[in-house]
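What follows is a set of notes on a single structure, which appears directly below.
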Amino acid sequence: MNKLDFFNNQGYTILENIFSNAVCDDINKVADNLRGKKDYMPIMNIHKSSEKVLKLMSNNKILKFVENFFEGNAQGLQTEYFFMPPGTKGFSPHQDNTYVKAKGNSFISAWVALTDVSQENGGLMIWPESHKEEEMALKENESLPSKNQDPNARKMSLIIPKKYQVVSPKISKGSVLIIHSWLAHASNDNASERNRNALLCTYIKQGANFRSGNYAKRKSFNLIKTN
Ligand SMILES: O=C(O)CCC(=O)C(=O)O
């Protein structure tokens with residue numbers, strides 16, 4: 001099965017070894033220089049402060065996959081960089097399109113591992129095939145917000161039908177998890193001794209409608225395309 005067929009069927013795919021260790025380390029350094037010195041809060045829309053991030057999300061292999069899926073041109077929509085230091089709590093189960101409200105195959109996310117990730121250090125949890133449900137119901141979450149985490153990460157939780165089984169794939173530094181707009185996903189708490197660095201990049205099909213959002217302040221932007 002090719003990657004796009006696998007993605008359409010499972011709601012995710014992993015593009016292996018897209019970025020070198022040196023590129024990942026460089027992006028982590030950029031983020032470290034941008035962060036407030038007192039905390040490790042995620043940096044929303046880090047591409048606005050760094051051309052290196054914009055270049056990274058414009059990677060040819062990622063864009064080729066995204067534009068095949070869209071059957072059209074891609075633009076950037078949002079980025080968020082996560083430091084996730086030891087002890088940070090993960091995201092509650094959610095679907096990215098709950099917030100973006102894009103129609104059809106016009107919105108997709110690429111989650112770039114900037115360190116090796118696993119269940120233990122805050123790796124993502126995914127529910128394969130759950131994208132086939134499209135929009136699922138949410139319930140108010142009882143968990144408290146976590147230090148160093150996105151303030152919206154733990155407010156609501158998806159109600160996922162029991163037939164879907166959660167998995168926590170290991171993703172190596174420099175590999176990219178592509179996430180369908182309706183795939184149920186969450187993240188584990190970081191129970192390790194080191195930061196779990198990752199960059200979320202989202203893409204919108206050129207001309208498609210989306211919700212900008214009060215916190216994320218999404219605004220489509222051009223990528224740096226090279227052929
Ligand atoms: O990086 C994480 O822990 C989760 C990020 C995520 O799922 C999201 O921003 O939609």
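Ligands are numbered from 1 in the order shown, chains are lettered A, B, ... in the order of the structure tokens, and residues start at 1 in each chain.
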
Selection: 8 Å around Met136 in chain A, only C-alpha atoms, excl. self and same-chain fewer than 3 positions, as a PDB file with C-alpha atoms, in the first residue's frame:
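File produced: out.pdb:
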```pdb
ATOM      1  CA  GLU A 133     -16.087   9.013  12.319  1.00  0.00           C
ATOM      2  CA  LEU A 158     -13.141  13.508  22.875  1.00  0.00           C
ATOM      3  CA  ILE A 159     -15.597  10.699  23.392  1.00  0.00           C
ATOM      4  CA  ILE A 160     -13.985   7.967  21.267  1.00  0.00           C
TER       5      ILE A 160
END
```

Using only C-alpha atoms and all ligand atoms, I'd like a table of the residues in chain A that come within 10 Å of ligand 1; for each, show the closest atom pair and its distance in Å rounded to one decimal, ordered by chain and ascending number, as JSON lines.
```
{"residue": "A:Pro42", "atom": "CA", "partner": "ligand 1", "partner_atom_place_in_ligand_line": "1 (O)", "distance": 9.2}
{"residue": "A:Met44", "atom": "CA", "partner": "ligand 1", "partner_atom_place_in_ligand_line": "9 (O)", "distance": 9.9}
{"residue": "A:Gln78", "atom": "CA", "partner": "ligand 1", "partner_atom_place_in_ligand_line": "9 (O)", "distance": 9.8}
{"residue": "A:Thr79", "atom": "CA", "partner": "ligand 1", "partner_atom_place_in_ligand_line": "9 (O)", "distance": 8.7}
{"residue": "A:Glu80", "atom": "CA", "partner": "ligand 1", "partner_atom_place_in_ligand_line": "9 (O)", "distance": 7.0}
{"residue": "A:Tyr81", "atom": "CA", "partner": "ligand 1", "partner_atom_place_in_ligand_line": "1 (O)", "distance": 8.0}
{"residue": "A:Phe82", "atom": "CA", "partner": "ligand 1", "partner_atom_place_in_ligand_line": "1 (O)", "distance": 6.1}
{"residue": "A:Phe83", "atom": "CA", "partner": "ligand 1", "partner_atom_place_in_ligand_line": "1 (O)", "distance": 8.9}
{"residue": "A:Met84", "atom": "CA", "partner": "ligand 1", "partner_atom_place_in_ligand_line": "3 (O)", "distance": 7.5}
{"residue": "A:Thr88", "atom": "CA", "partner": "ligand 1", "partner_atom_place_in_ligand_line": "3 (O)", "distance": 9.3}
{"residue": "A:Lys89", "atom": "CA", "partner": "ligand 1", "partner_atom_place_in_ligand_line": "3 (O)", "distance": 8.5}
{"residue": "A:Gly90", "atom": "CA", "partner": "ligand 1", "partner_atom_place_in_ligand_line": "3 (O)", "distance": 5.4}
{"residue": "A:Phe91", "atom": "CA", "partner": "ligand 1", "partner_atom_place_in_ligand_line": "4 (C)", "distance": 5.4}
{"residue": "A:Ser92", "atom": "CA", "partner": "ligand 1", "partner_atom_place_in_ligand_line": "7 (O)", "distance": 8.2}
{"residue": "A:Pro93", "atom": "CA", "partner": "ligand 1", "partner_atom_place_in_ligand_line": "7 (O)", "distance": 8.0}
{"residue": "A:His94", "atom": "CA", "partner": "ligand 1", "partner_atom_place_in_ligand_line": "10 (O)", "distance": 7.3}
{"residue": "A:Gln95", "atom": "CA", "partner": "ligand 1", "partner_atom_place_in_ligand_line": "10 (O)", "distance": 7.2}
{"residue": "A:Asp96", "atom": "CA", "partner": "ligand 1", "partner_atom_place_in_ligand_line": "10 (O)", "distance": 5.5}
{"residue": "A:Asn97", "atom": "CA", "partner": "ligand 1", "partner_atom_place_in_ligand_line": "10 (O)", "distance": 9.2}
{"residue": "A:Tyr99", "atom": "CA", "partner": "ligand 1", "partner_atom_place_in_ligand_line": "10 (O)", "distance": 9.7}
{"residue": "A:Ser109", "atom": "CA", "partner": "ligand 1", "partner_atom_place_in_ligand_line": "10 (O)", "distance": 8.0}
{"residue": "A:Ala110", "atom": "CA", "partner": "ligand 1", "partner_atom_place_in_ligand_line": "10 (O)", "distance": 9.6}
{"residue": "A:Trp111", "atom": "CA", "partner": "ligand 1", "partner_atom_place_in_ligand_line": "1 (O)", "distance": 7.4}
{"residue": "A:Val112", "atom": "CA", "partner": "ligand 1", "partner_atom_place_in_ligand_line": "1 (O)", "distance": 9.0}
{"residue": "A:Ala113", "atom": "CA", "partner": "ligand 1", "partner_atom_place_in_ligand_line": "1 (O)", "distance": 8.9}
{"residue": "A:Gly122", "atom": "CA", "partner": "ligand 1", "partner_atom_place_in_ligand_line": "3 (O)", "distance": 6.6}
{"residue": "A:Gly123", "atom": "CA", "partner": "ligand 1", "partner_atom_place_in_ligand_line": "3 (O)", "distance": 6.9}
{"residue": "A:Leu124", "atom": "CA", "partner": "ligand 1", "partner_atom_place_in_ligand_line": "3 (O)", "distance": 6.2}
{"residue": "A:Met125", "atom": "CA", "partner": "ligand 1", "partner_atom_place_in_ligand_line": "7 (O)", "distance": 8.8}
{"residue": "A:Ile126", "atom": "CA", "partner": "ligand 1", "partner_atom_place_in_ligand_line": "7 (O)", "distance": 9.4}
{"residue": "A:Gln149", "atom": "CA", "partner": "ligand 1", "partner_atom_place_in_ligand_line": "3 (O)", "distance": 8.5}
{"residue": "A:Asp150", "atom": "CA", "partner": "ligand 1", "partner_atom_place_in_ligand_line": "9 (O)", "distance": 8.4}
{"residue": "A:Asn152", "atom": "CA", "partner": "ligand 1", "partner_atom_place_in_ligand_line": "9 (O)", "distance": 9.5}
{"residue": "A:Ala153", "atom": "CA", "partner": "ligand 1", "partner_atom_place_in_ligand_line": "9 (O)", "distance": 7.7}
{"residue": "A:Ile179", "atom": "CA", "partner": "ligand 1", "partner_atom_place_in_ligand_line": "10 (O)", "distance": 9.0}
{"residue": "A:Ser181", "atom": "CA", "partner": "ligand 1", "partner_atom_place_in_ligand_line": "10 (O)", "distance": 9.5}
{"residue": "A:Ala184", "atom": "CA", "partner": "ligand 1", "partner_atom_place_in_ligand_line": "7 (O)", "distance": 9.0}
{"residue": "A:His185", "atom": "CA", "partner": "ligand 1", "partner_atom_place_in_ligand_line": "7 (O)", "distance": 6.2}
{"residue": "A:Ala186", "atom": "CA", "partner": "ligand 1", "partner_atom_place_in_ligand_line": "7 (O)", "distance": 5.4}
{"residue": "A:Ser187", "atom": "CA", "partner": "ligand 1", "partner_atom_place_in_ligand_line": "3 (O)", "distance": 4.7}
{"residue": "A:Asn188", "atom": "CA", "partner": "ligand 1", "partner_atom_place_in_ligand_line": "3 (O)", "distance": 7.3}
{"residue": "A:Asp189", "atom": "CA", "partner": "ligand 1", "partner_atom_place_in_ligand_line": "3 (O)", "distance": 8.4}
{"residue": "A:Asn190", "atom": "CA", "partner": "ligand 1", "partner_atom_place_in_ligand_line": "3 (O)", "distance": 9.2}
{"residue": "A:Arg196", "atom": "CA", "partner": "ligand 1", "partner_atom_place_in_ligand_line": "1 (O)", "distance": 8.6}
{"residue": "A:Asn197", "atom": "CA", "partner": "ligand 1", "partner_atom_place_in_ligand_line": "1 (O)", "distance": 8.2}
{"residue": "A:Ala198", "atom": "CA", "partner": "ligand 1", "partner_atom_place_in_ligand_line": "1 (O)", "distance": 6.2}
{"residue": "A:Leu199", "atom": "CA", "partner": "ligand 1", "partner_atom_place_in_ligand_line": "1 (O)", "distance": 7.3}
{"residue": "A:Leu200", "atom": "CA", "partner": "ligand 1", "partner_atom_place_in_ligand_line": "9 (O)", "distance": 6.1}
{"residue": "A:Cys201", "atom": "CA", "partner": "ligand 1", "partner_atom_place_in_ligand_line": "9 (O)", "distance": 8.7}
{"residue": "A:Thr202", "atom": "CA", "partner": "ligand 1", "partner_atom_place_in_ligand_line": "10 (O)", "distance": 9.2}
```

Residues at most 10 Å from Val53 in chain A, counting only C-alpha atoms, excluding those fewer than 3 positions away in the same chain, as a PDB file with N, CA and C atoms, in the first residue's frame?
```pdb
ATOM      1  N   ASP A  26      19.192  22.463  15.375  1.00  0.00           N
ATOM      2  CA  ASP A  26      19.185  23.887  15.038  1.00  0.00           C
ATOM      3  C   ASP A  26      17.818  24.512  15.364  1.00  0.00           C
ATOM      4  N   ILE A  27      16.736  23.791  15.020  1.00  0.00           N
ATOM      5  CA  ILE A  27      15.388  24.321  15.318  1.00  0.00           C
ATOM      6  C   ILE A  27      15.186  24.380  16.838  1.00  0.00           C
ATOM      7  N   VAL A  30      16.865  27.486  17.980  1.00  0.00           N
ATOM      8  CA  VAL A  30      16.070  28.675  17.628  1.00  0.00           C
ATOM      9  C   VAL A  30      14.977  28.880  18.688  1.00  0.00           C
ATOM     10  N   ALA A  31      14.272  27.783  19.014  1.00  0.00           N
ATOM     11  CA  ALA A  31      13.166  27.871  19.977  1.00  0.00           C
ATOM     12  C   ALA A  31      13.691  28.264  21.354  1.00  0.00           C
ATOM     13  N   ASN A  45       2.858  29.737  16.613  1.00  0.00           N
ATOM     14  CA  ASN A  45       3.226  30.371  15.341  1.00  0.00           C
ATOM     15  C   ASN A  45       4.690  30.822  15.308  1.00  0.00           C
ATOM     16  N   ILE A  46       5.546  29.908  15.663  1.00  0.00           N
ATOM     17  CA  ILE A  46       6.989  30.175  15.706  1.00  0.00           C
ATOM     18  C   ILE A  46       7.539  30.508  14.303  1.00  0.00           C
ATOM     19  N   HIS A  47       6.816  30.111  13.240  1.00  0.00           N
ATOM     20  CA  HIS A  47       7.297  30.434  11.876  1.00  0.00           C
ATOM     21  C   HIS A  47       7.360  31.938  11.658  1.00  0.00           C
ATOM     22  N   LYS A  48       6.564  32.709  12.443  1.00  0.00           N
ATOM     23  CA  LYS A  48       6.582  34.168  12.268  1.00  0.00           C
ATOM     24  C   LYS A  48       7.891  34.768  12.766  1.00  0.00           C
ATOM     25  N   SER A  49       8.570  34.050  13.635  1.00  0.00           N
ATOM     26  CA  SER A  49       9.821  34.569  14.201  1.00  0.00           C
ATOM     27  C   SER A  49      11.042  33.902  13.603  1.00  0.00           C
ATOM     28  N   SER A  50      10.846  32.879  12.795  1.00  0.00           N
ATOM     29  CA  SER A  50      12.013  32.165  12.287  1.00  0.00           C
ATOM     30  C   SER A  50      11.813  31.646  10.863  1.00  0.00           C
ATOM     31  N   LEU A  56      11.628  24.692   7.160  1.00  0.00           N
ATOM     32  CA  LEU A  56      11.437  23.303   7.583  1.00  0.00           C
ATOM     33  C   LEU A  56      10.036  22.823   7.227  1.00  0.00           C
ATOM     34  N   MET A  57       9.025  23.653   7.474  1.00  0.00           N
ATOM     35  CA  MET A  57       7.660  23.186   7.175  1.00  0.00           C
ATOM     36  C   MET A  57       7.374  23.162   5.681  1.00  0.00           C
ATOM     37  N   SER A  58       8.264  23.796   4.904  1.00  0.00           N
ATOM     38  CA  SER A  58       8.115  23.800   3.442  1.00  0.00           C
ATOM     39  C   SER A  58       8.861  22.629   2.794  1.00  0.00           C
ATOM     40  N   THR A  79       1.747  27.056  13.196  1.00  0.00           N
ATOM     41  CA  THR A  79       2.803  26.208  13.749  1.00  0.00           C
ATOM     42  C   THR A  79       2.756  26.339  15.271  1.00  0.00           C
ATOM     43  N   TYR A  81       5.492  25.159  18.512  1.00  0.00           N
ATOM     44  CA  TYR A  81       6.690  24.440  18.967  1.00  0.00           C
ATOM     45  C   TYR A  81       6.488  24.028  20.431  1.00  0.00           C
ATOM     46  N   LEU A 199       7.582  19.939  16.742  1.00  0.00           N
ATOM     47  CA  LEU A 199       6.992  21.089  16.035  1.00  0.00           C
ATOM     48  C   LEU A 199       5.740  20.617  15.310  1.00  0.00           C
ATOM     49  N   CYS A 201       3.048  21.451  12.553  1.00  0.00           N
ATOM     50  CA  CYS A 201       2.851  22.326  11.379  1.00  0.00           C
ATOM     51  C   CYS A 201       1.501  21.970  10.782  1.00  0.00           C
TER      52      CYS A 201
END
```

Please return, as a PyMOL selection string, all residues of range 9-159 of chain A that DSSP assigns to strand (DSSP E) on the basis of the backbone.
chain A and resi 12-15+43-44+74-82+107-113+124-126+138-140+156-158

I need the chosen residues saved as a PDB file, in the first residue's frame, with C-alpha atoms.
```
ATOM      1  CA  TYR A  12      -2.026   8.797   9.824  1.00  0.00           C
ATOM      2  CA  THR A  13       1.303   7.923   8.291  1.00  0.00           C
ATOM      3  CA  ILE A  14       4.936   8.381   9.310  1.00  0.00           C
ATOM      4  CA  LEU A  15       7.427   9.936   6.910  1.00  0.00           C
ATOM      5  CA  ILE A  43       5.620  28.889  21.160  1.00  0.00           C
ATOM      6  CA  MET A  44       2.559  29.551  18.996  1.00  0.00           C
ATOM      7  CA  ALA A  74      -0.882  23.938   0.053  1.00  0.00           C
ATOM      8  CA  GLN A  75      -0.345  26.970   2.232  1.00  0.00           C
ATOM      9  CA  GLY A  76       0.846  27.066   5.806  1.00  0.00           C
ATOM     10  CA  LEU A  77      -1.800  27.688   8.477  1.00  0.00           C
ATOM     11  CA  GLN A  78      -0.276  27.426  11.941  1.00  0.00           C
ATOM     12  CA  THR A  79       2.803  26.208  13.749  1.00  0.00           C
ATOM     13  CA  GLU A  80       3.388  25.425  17.407  1.00  0.00           C
ATOM     14  CA  TYR A  81       6.690  24.440  18.967  1.00  0.00           C
ATOM     15  CA  PHE A  82       6.654  22.250  22.098  1.00  0.00           C
ATOM     16  CA  PHE A 107      -6.609  20.615   6.128  1.00  0.00           C
ATOM     17  CA  ILE A 108      -3.867  18.362   7.508  1.00  0.00           C
ATOM     18  CA  SER A 109      -1.197  18.390  10.232  1.00  0.00           C
ATOM     19  CA  ALA A 110       2.455  17.324  10.233  1.00  0.00           C
ATOM     20  CA  TRP A 111       3.994  16.710  13.652  1.00  0.00           C
ATOM     21  CA  VAL A 112       7.786  16.792  13.479  1.00  0.00           C
ATOM     22  CA  ALA A 113       9.705  14.873  16.172  1.00  0.00           C
ATOM     23  CA  LEU A 124       1.640  11.037  20.691  1.00  0.00           C
ATOM     24  CA  MET A 125      -1.245   8.623  21.183  1.00  0.00           C
ATOM     25  CA  ILE A 126      -3.350   7.973  18.096  1.00  0.00           C
ATOM     26  CA  LEU A 138     -16.477  16.335  23.375  1.00  0.00           C
ATOM     27  CA  LYS A 139     -16.851  16.423  27.121  1.00  0.00           C
ATOM     28  CA  GLU A 140     -15.516  18.894  29.634  1.00  0.00           C
ATOM     29  CA  MET A 156     -11.983  19.107  26.665  1.00  0.00           C
ATOM     30  CA  SER A 157     -11.760  15.400  25.872  1.00  0.00           C
ATOM     31  CA  LEU A 158     -13.141  13.508  22.875  1.00  0.00           C
TER      32      LEU A 158
END
```

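Distances here use only C-alpha atoms; by that measure, the residue among A:Asn73, A:Asn105, A:Ser172, A:Gln165 closest to Ser20 in chain A is A:Ser172.
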
Those of chain A in DSSP alpha helix (DSSP H), formatted as a ChimeraX atom specification
/A:3-10,21-34,51-57,60-70,97-100

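In terms of minimum interatomic distance to Lys173 in chain A, A:Ser118 ranks closest within A:Thr98, A:Ser118, A:Asn9, A:Asn59, counting only C-alpha atoms.
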
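You can rank A:Met41, A:Met1, A:Val23, A:Val100 by their closest distance to Asn148 in chain A using only C-alpha atoms, and at the top of that list sits A:Met41.
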
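Using only C-alpha atoms, the nearest neighbour of Phe69 in chain A within the list A:Lys55, A:Arg154, A:His180, A:Lys101 is A:His180.
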
Skipping near chain neighbours, those fewer than 5 positions away, what residues fall within 12 Å of Ala22 in chain A using only C-alpha atoms, listed as a list in words?
Ile27, Asn28, Lys29, Leu114, Thr115, Lys173 and Gly174 of chain A

Atoms to include: C-alpha atoms. Write the selected residues as a CSV table (one decimal), in the first residue's frame.
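File produced: out_30.csv:
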```csv
chain,number,residue,atom,x,y,z
A,27,ILE,CA,15.4,24.3,15.3
A,28,ASN,CA,15.6,23.4,19.0
A,29,LYS,CA,18.2,26.1,19.4
A,114,LEU,CA,12.7,17.0,17.1
A,115,THR,CA,14.0,14.4,19.5
A,173,LYS,CA,14.2,12.4,15.7
A,174,GLY,CA,13.6,14.0,12.3
```

Could you jot down the CA of Ile62 in chain A to CA of Ile18 in chain A separation for me, Å, one decimal place?
8.3 Å
